[in-house]
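Structure, as structure tokens:
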Number of protein chains: 2
Amino acid sequence: MLIVFTGNGKGKTTAALGCAMRALGQGKRVLMIQFIKGNWESGEQKFLKRFSGCARSREARKIYDLRFKIIPAGKGFVGISGDKIPLSVHKKAAENALKLAKKSIFSKKWDLIILDEINVAADLKLIKASEVLKIIKSAPKGIDIILTGRSAPKIFIKYADLVTEMKEIKHPFQKGAPAKIGIEF
Amino acid sequence: MLIVFTGNGKGKTTAALGCAMRALGQGKRVLMIQFIKGNWESGEQKFLKRFSGCARSREARKIYDLRFKIIPAGKGFVGISGDKIPLSVHKKAAENALKLAKKSIFSKKWDLIILDEINVAADLKLIKASEVLKIIKSAPKGIDIILTGRSAPKIFIKYADLVTEMKEIKHPFQKGAPAKIGIEF
């Protein structure tokens, strides 16, 4: 099943994380690859540490680590305030993330794979949308894939089973409020 | 901070659960009260059991139980297939859920309170939207509240800091596919 969460509103990555929570609850194994966000520690990563850290033994911890993993593969936000990384570096990072996604999809180690912000990476032409879709189309049966990020390429929407547009009606950033810990990250 | 996730698309409750995951990661305490869904075991409830169950000791489990709680207060879906419960019973359940919400908001035991499907309960007039807003307006400072459900009353949207409309672009139910374990529940 292919799910796309797109649109300019808040709730795309969080909805994917909510799916992750449900899937984990049902005993499934969840991998999230972050295509855009960089190597900083977000609420979900801290959560993962707690979740994995509360395992009774090294053995149990191993099992938790196999159940839920977040890999920050991106190089931070592209082209917005403070981004001094050349586009070629962003491109390389996104290409490597896609390679990792492909490997993970075919590894059969995961029941749900979240490709976070991949819509943006494709929209910015860091990776080819057609290349992404080719990988998804050849994915083993039974695997669920969620694509998040604004400006989802049309070919993703056309192929997907479920698409929700998260539309911004109101956002505190509009009034200049800072990002809030535990809500925005 | 008041957040509203509304609209006819998938991702409202899941986005709230994603916020819960982030908040838990940041060490916050999260309560979810379900206004419409009944007493059946969803992915998030199973997850909670695992999360709490993996605590090392009874003492640790107590701490986990204090950190994340889901209370199914509703009586199942209202007025759709298979609903044989009289409206008065739905109303009573929603009113009790609101009482519980009020008590929880003022208890200062929670940093994030999710009132799941409360928009629907208000839209169906099971509870008064103005009553809900009155409670929210008088909430202690620093508490975050998320309201989910389609057809959010306008007064919720007007007062909220952040509102996202989850708009259905495509859904497998359109083609008659059944709900999927670990994704839909």
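Identifiers in this document derive from the order of the structure tokens: chains are assigned A, B, ..., residues are numbered from 1 separately in each chain, and ligands are numbered from 1 in order of occurrence.
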Region 165-170 of chain B environment, 7 Å, only C-alpha atoms, sequence neighbours closer than 3 positions dropped, as a PyMOL selection string: (chain A and resi 161-169) or (chain B and resi 5-12)
File of the preceding selection, all heavy atoms, as a short mmCIF file (atom, residue, chain, number, x, y, z; two decimals), in the first residue's frame:
data_model
loop_
_atom_site.label_atom_id
_atom_site.label_comp_id
_atom_site.auth_asym_id
_atom_site.auth_seq_id
_atom_site.Cartn_x
_atom_site.Cartn_y
_atom_site.Cartn_z
N ASP A 161 -2.31 4.61 -3.25
CA ASP A 161 -3.61 4.08 -2.86
C ASP A 161 -4.37 5.10 -2.01
O ASP A 161 -5.59 5.15 -2.04
CB ASP A 161 -3.42 2.80 -2.03
CG ASP A 161 -2.67 1.74 -2.80
OD1 ASP A 161 -3.26 1.18 -3.74
OD2 ASP A 161 -1.48 1.51 -2.50
N LEU A 162 -3.61 5.85 -1.22
CA LEU A 162 -4.24 6.81 -0.31
C LEU A 162 -3.43 8.11 -0.32
O LEU A 162 -2.21 8.08 -0.16
CB LEU A 162 -4.25 6.21 1.11
CG LEU A 162 -5.05 6.93 2.20
CD1 LEU A 162 -5.46 5.95 3.28
CD2 LEU A 162 -4.31 8.09 2.80
N VAL A 163 -4.11 9.21 -0.56
CA VAL A 163 -3.44 10.51 -0.58
C VAL A 163 -4.24 11.50 0.26
O VAL A 163 -5.45 11.64 0.08
CB VAL A 163 -3.33 11.07 -2.02
CG1 VAL A 163 -2.59 12.42 -2.02
CG2 VAL A 163 -2.63 10.08 -2.94
N THR A 164 -3.56 12.14 1.20
CA THR A 164 -4.19 13.23 1.94
C THR A 164 -3.38 14.49 1.74
O THR A 164 -2.15 14.47 1.81
CB THR A 164 -4.26 12.92 3.46
OG1 THR A 164 -4.96 11.71 3.68
CG2 THR A 164 -4.99 14.05 4.20
N GLU A 165 -4.09 15.58 1.46
CA GLU A 165 -3.45 16.89 1.39
C GLU A 165 -3.63 17.59 2.72
O GLU A 165 -4.75 17.84 3.15
CB GLU A 165 -4.08 17.74 0.27
CG GLU A 165 -3.42 19.10 0.13
CD GLU A 165 -4.27 20.10 -0.65
OE1 GLU A 165 -5.26 19.69 -1.28
OE2 GLU A 165 -3.94 21.29 -0.60
N MET A 166 -2.51 17.84 3.41
CA MET A 166 -2.58 18.60 4.66
C MET A 166 -2.54 20.08 4.30
O MET A 166 -1.49 20.61 3.90
CB MET A 166 -1.39 18.25 5.56
CG MET A 166 -1.61 17.04 6.45
SD MET A 166 -1.73 15.46 5.54
CE MET A 166 -1.73 14.31 6.91
N LYS A 167 -3.68 20.71 4.44
CA LYS A 167 -3.83 22.09 3.99
C LYS A 167 -3.73 23.04 5.17
O LYS A 167 -4.46 22.88 6.15
CB LYS A 167 -5.22 22.21 3.33
CG LYS A 167 -5.28 23.18 2.17
CD LYS A 167 -6.65 23.15 1.54
CE LYS A 167 -7.02 24.53 1.08
NZ LYS A 167 -8.40 24.57 0.56
N GLU A 168 -2.85 24.02 5.05
CA GLU A 168 -2.69 24.96 6.16
C GLU A 168 -3.86 25.94 6.21
O GLU A 168 -4.12 26.65 5.25
CB GLU A 168 -1.39 25.74 6.00
CG GLU A 168 -1.16 26.74 7.12
CD GLU A 168 0.17 27.46 7.00
OE1 GLU A 168 1.21 26.78 6.97
OE2 GLU A 168 0.17 28.70 6.94
N ILE A 169 -4.57 25.92 7.32
CA ILE A 169 -5.65 26.89 7.52
C ILE A 169 -5.11 28.02 8.39
O ILE A 169 -5.40 29.19 8.16
CB ILE A 169 -6.87 26.21 8.20
CG1 ILE A 169 -7.34 24.98 7.41
CG2 ILE A 169 -8.00 27.21 8.40
CD1 ILE A 169 -7.91 25.26 6.05
N PHE B 5 -6.91 19.47 14.08
CA PHE B 5 -6.76 18.67 12.85
C PHE B 5 -8.15 18.28 12.38
O PHE B 5 -8.85 17.54 13.06
CB PHE B 5 -5.92 17.41 13.12
CG PHE B 5 -4.46 17.68 13.41
CD1 PHE B 5 -3.82 17.00 14.44
CD2 PHE B 5 -3.73 18.58 12.65
CE1 PHE B 5 -2.46 17.25 14.71
CE2 PHE B 5 -2.38 18.83 12.92
CZ PHE B 5 -1.75 18.16 13.95
N THR B 6 -8.55 18.80 11.24
CA THR B 6 -9.91 18.53 10.77
C THR B 6 -9.88 18.13 9.29
O THR B 6 -8.80 17.84 8.74
CB THR B 6 -10.83 19.75 11.04
OG1 THR B 6 -12.17 19.39 10.81
CG2 THR B 6 -10.43 20.97 10.22
N GLY B 7 -11.03 18.08 8.64
CA GLY B 7 -11.10 17.68 7.22
C GLY B 7 -11.55 16.24 7.07
O GLY B 7 -11.64 15.49 8.03
N ASN B 8 -11.83 15.87 5.82
CA ASN B 8 -12.40 14.55 5.53
C ASN B 8 -11.36 13.48 5.20
O ASN B 8 -11.70 12.33 4.93
CB ASN B 8 -13.41 14.66 4.37
CG ASN B 8 -12.72 15.06 3.07
OD1 ASN B 8 -11.56 15.49 3.08
ND2 ASN B 8 -13.40 14.90 1.95
N GLY B 9 -10.08 13.86 5.23
CA GLY B 9 -9.03 12.91 4.82
C GLY B 9 -8.42 12.14 5.98
O GLY B 9 -8.58 12.51 7.14
N LYS B 10 -7.67 11.10 5.65
CA LYS B 10 -6.96 10.32 6.66
C LYS B 10 -5.78 11.12 7.21
O LYS B 10 -5.13 11.84 6.46
CB LYS B 10 -6.43 9.03 6.02
CG LYS B 10 -5.94 8.08 7.10
CD LYS B 10 -5.00 7.04 6.61
CE LYS B 10 -4.09 6.59 7.76
NZ LYS B 10 -4.76 6.50 9.06
N GLY B 11 -5.51 10.97 8.51
CA GLY B 11 -4.31 11.59 9.06
C GLY B 11 -4.54 12.50 10.25
O GLY B 11 -3.58 13.04 10.79
N LYS B 12 -5.79 12.67 10.66
CA LYS B 12 -6.07 13.59 11.77
C LYS B 12 -5.63 12.96 13.11
O LYS B 12 -4.80 13.53 13.81
CB LYS B 12 -7.56 13.92 11.83
CG LYS B 12 -8.07 14.62 10.57
CD LYS B 12 -9.55 14.91 10.61
CE LYS B 12 -10.44 13.69 10.52
NZ LYS B 12 -10.46 13.03 9.22
#
Tell me, counting only C-alpha atoms, for each residue of chain A within 9 Å of chain B, which pair of atoms is nearest and how far apart they are in Å to one decimal, in rows ordered by chain and increasing number, as a tab-separated table.
residue	atom	partner	partner_atom	distance
A:Phe5	CA	B:Gly11	CA	8.2
A:Gly7	CA	B:Met166	CA	8.9
A:Gly9	CA	B:Thr164	CA	5.6
A:Lys10	CA	B:Thr164	CA	6.2
A:Gly11	CA	B:Ala15	CA	5.3
A:Lys12	CA	B:Ala15	CA	7.2
A:Thr13	CA	B:Gly18	CA	7.7
A:Thr14	CA	B:Gly18	CA	4.2
A:Ala15	CA	B:Ala15	CA	3.6
A:Ala16	CA	B:Gly18	CA	7.0
A:Leu17	CA	B:Gly18	CA	4.5
A:Gly18	CA	B:Gly18	CA	4.1
A:Cys19	CA	B:Ile183	CA	5.6
A:Ala20	CA	B:Gly182	CA	8.1
A:Met21	CA	B:Glu44	CA	6.1
A:Arg22	CA	B:Gly43	CA	4.0
A:Ala23	CA	B:Gly182	CA	4.1
A:Leu24	CA	B:Phe47	CA	6.1
A:Gly25	CA	B:Phe47	CA	3.5
A:Gln26	CA	B:Gly43	CA	5.5
A:Gly27	CA	B:Phe47	CA	8.4
A:Lys28	CA	B:Gly182	CA	7.6
A:Ser42	CA	B:Arg22	CA	7.5
A:Gly43	CA	B:Arg22	CA	4.0
A:Glu44	CA	B:Arg22	CA	4.8
A:Gln45	CA	B:Gly25	CA	7.1
A:Lys46	CA	B:Gly25	CA	4.7
A:Phe47	CA	B:Gly25	CA	3.5
A:Leu48	CA	B:Gly25	CA	7.3
A:Lys49	CA	B:Gly25	CA	8.0
A:Arg50	CA	B:Gly25	CA	7.0
A:Phe51	CA	B:Phe51	CA	6.8
A:Cys54	CA	B:Ala55	CA	5.9
A:Ala55	CA	B:Cys54	CA	5.9
A:Arg56	CA	B:Arg56	CA	5.9
A:Asp144	CA	B:Ile183	CA	8.8
A:Ile157	CA	B:Lys170	CA	8.3
A:Ala160	CA	B:Lys170	CA	8.0
A:Asp161	CA	B:Pro172	CA	5.7
A:Leu162	CA	B:His171	CA	4.5
A:Val163	CA	B:Lys170	CA	4.8
A:Thr164	CA	B:Glu168	CA	4.9
A:Glu165	CA	B:Lys167	CA	5.0
A:Met166	CA	B:Met166	CA	4.6
A:Lys167	CA	B:Glu165	CA	5.0
A:Glu168	CA	B:Thr164	CA	4.9
A:Ile169	CA	B:Val163	CA	5.2
A:Lys170	CA	B:Val163	CA	4.8
A:His171	CA	B:Leu162	CA	4.5
A:Pro172	CA	B:Asp161	CA	5.7
A:Ile181	CA	B:Gln26	CA	7.3
A:Gly182	CA	B:Ala23	CA	4.1
A:Ile183	CA	B:Cys19	CA	5.5
A:Glu184	CA	B:Cys19	CA	7.9
A:Phe185	CA	B:Arg22	CA	6.6
Applying 9 Å and only C-alpha atoms, which residues near region 121-134 of chain B remain after dropping the ones on its own chain fewer than 2 positions away? List them as a PDB file with C-alpha atoms, in the first residue's frame.
ATOM      1  CA  PHE B  35     -14.792  10.915  22.142  1.00  0.00           C
ATOM      2  CA  ILE B  36     -16.247   8.729  19.416  1.00  0.00           C
ATOM      3  CA  VAL B  78     -22.440   7.464  15.597  1.00  0.00           C
ATOM      4  CA  LEU B  87     -28.385   8.904  20.458  1.00  0.00           C
ATOM      5  CA  SER B  88     -29.041   9.646  24.132  1.00  0.00           C
ATOM      6  CA  HIS B  90     -23.883   8.575  22.666  1.00  0.00           C
ATOM      7  CA  LYS B  91     -24.704  11.966  24.153  1.00  0.00           C
ATOM      8  CA  LYS B  92     -24.201  10.780  27.715  1.00  0.00           C
ATOM      9  CA  ALA B  93     -20.860   9.196  26.777  1.00  0.00           C
ATOM     10  CA  ALA B  94     -19.660  12.387  25.059  1.00  0.00           C
ATOM     11  CA  GLU B  95     -20.754  14.507  28.016  1.00  0.00           C
ATOM     12  CA  LEU B  98     -15.983  16.214  28.260  1.00  0.00           C
ATOM     13  CA  LYS B 102     -12.104  19.242  31.910  1.00  0.00           C
ATOM     14  CA  GLU B 117     -12.930  13.092  17.463  1.00  0.00           C
ATOM     15  CA  ILE B 118     -14.258  15.878  19.685  1.00  0.00           C
ATOM     16  CA  ASN B 119     -14.945  17.941  16.535  1.00  0.00           C
ATOM     17  CA  ILE B 136     -10.124  25.299  26.668  1.00  0.00           C
ATOM     18  CA  LYS B 137     -10.031  29.066  27.179  1.00  0.00           C
ATOM     19  CA  SER B 138      -9.665  28.631  30.909  1.00  0.00           C
ATOM     20  CA  ALA B 139      -6.973  25.897  30.642  1.00  0.00           C
ATOM     21  CA  GLY B 149     -12.195  15.059  13.817  1.00  0.00           C
ATOM     22  CA  ARG B 150     -13.875  16.205  10.634  1.00  0.00           C
ATOM     23  CA  SER B 151     -16.292  19.173  10.563  1.00  0.00           C
ATOM     24  CA  ALA B 152     -14.564  21.195  13.297  1.00  0.00           C
ATOM     25  CA  PRO B 153     -16.915  23.914  14.599  1.00  0.00           C
ATOM     26  CA  ILE B 155     -15.399  28.697  16.867  1.00  0.00           C
ATOM     27  CA  PHE B 156     -12.670  26.048  17.398  1.00  0.00           C
ATOM     28  CA  TYR B 159      -9.646  30.335  18.570  1.00  0.00           C
TER      29      TYR B 159
END
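Interatomic distance, CA of Lys99 (chain A) to CA of Val30 (chain A): 17.6 Å.
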Nearby residues (only C-alpha atoms) at most 8 Å from Leu115 (chain B), same-chain spacing under 4 positions excluded, as a count of residues only: 9
DSSP-assigned strand (DSSP E or B) members of region 71-154 of chain B, reported as a ChimeraX atom specification: /B:71-72,112-116,144-148
Using only N, CA and C atoms, please write the residues we just selected to a file, as a compact mmCIF listing (two decimals), in the first residue's frame.
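Once written, part.txt looks like this:
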# COMPACT_ATOMS: atom_id res chain seq x y z
N ILE B 71 -7.74 6.99 26.85
CA ILE B 71 -9.01 6.62 27.47
C ILE B 71 -10.11 6.60 26.40
N PRO B 72 -10.60 5.40 26.06
CA PRO B 72 -11.69 5.33 25.08
C PRO B 72 -13.00 5.64 25.80
N LEU B 112 0.32 17.45 27.22
CA LEU B 112 -0.41 17.42 25.95
C LEU B 112 -1.68 16.59 26.13
N ILE B 113 -2.81 17.18 25.81
CA ILE B 113 -4.08 16.45 25.88
C ILE B 113 -4.72 16.43 24.50
N ILE B 114 -4.95 15.22 24.00
CA ILE B 114 -5.59 15.05 22.69
C ILE B 114 -7.06 14.69 22.92
N LEU B 115 -7.94 15.52 22.41
CA LEU B 115 -9.38 15.23 22.50
C LEU B 115 -9.80 14.70 21.13
N ASP B 116 -9.72 13.38 21.01
CA ASP B 116 -9.86 12.74 19.70
C ASP B 116 -11.31 12.65 19.27
N ASP B 144 -0.72 21.95 26.06
CA ASP B 144 -1.08 21.89 24.65
C ASP B 144 -2.30 21.00 24.48
N ILE B 145 -3.23 21.45 23.65
CA ILE B 145 -4.45 20.68 23.42
C ILE B 145 -4.64 20.49 21.92
N ILE B 146 -4.92 19.25 21.53
CA ILE B 146 -5.19 18.95 20.13
C ILE B 146 -6.63 18.45 20.00
N LEU B 147 -7.37 19.05 19.08
CA LEU B 147 -8.74 18.62 18.80
C LEU B 147 -8.75 17.95 17.42
N THR B 148 -9.27 16.74 17.34
CA THR B 148 -9.31 16.08 16.03
C THR B 148 -10.75 15.77 15.62
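Rounded to one decimal, CA of Ala73 (chain A) and CA of Ile143 (chain A) lie 21.1 Å from each other.
If you look at CA of Phe106 (chain A) and CA of Pro140 (chain A), they are 6.6 Å away from each other.
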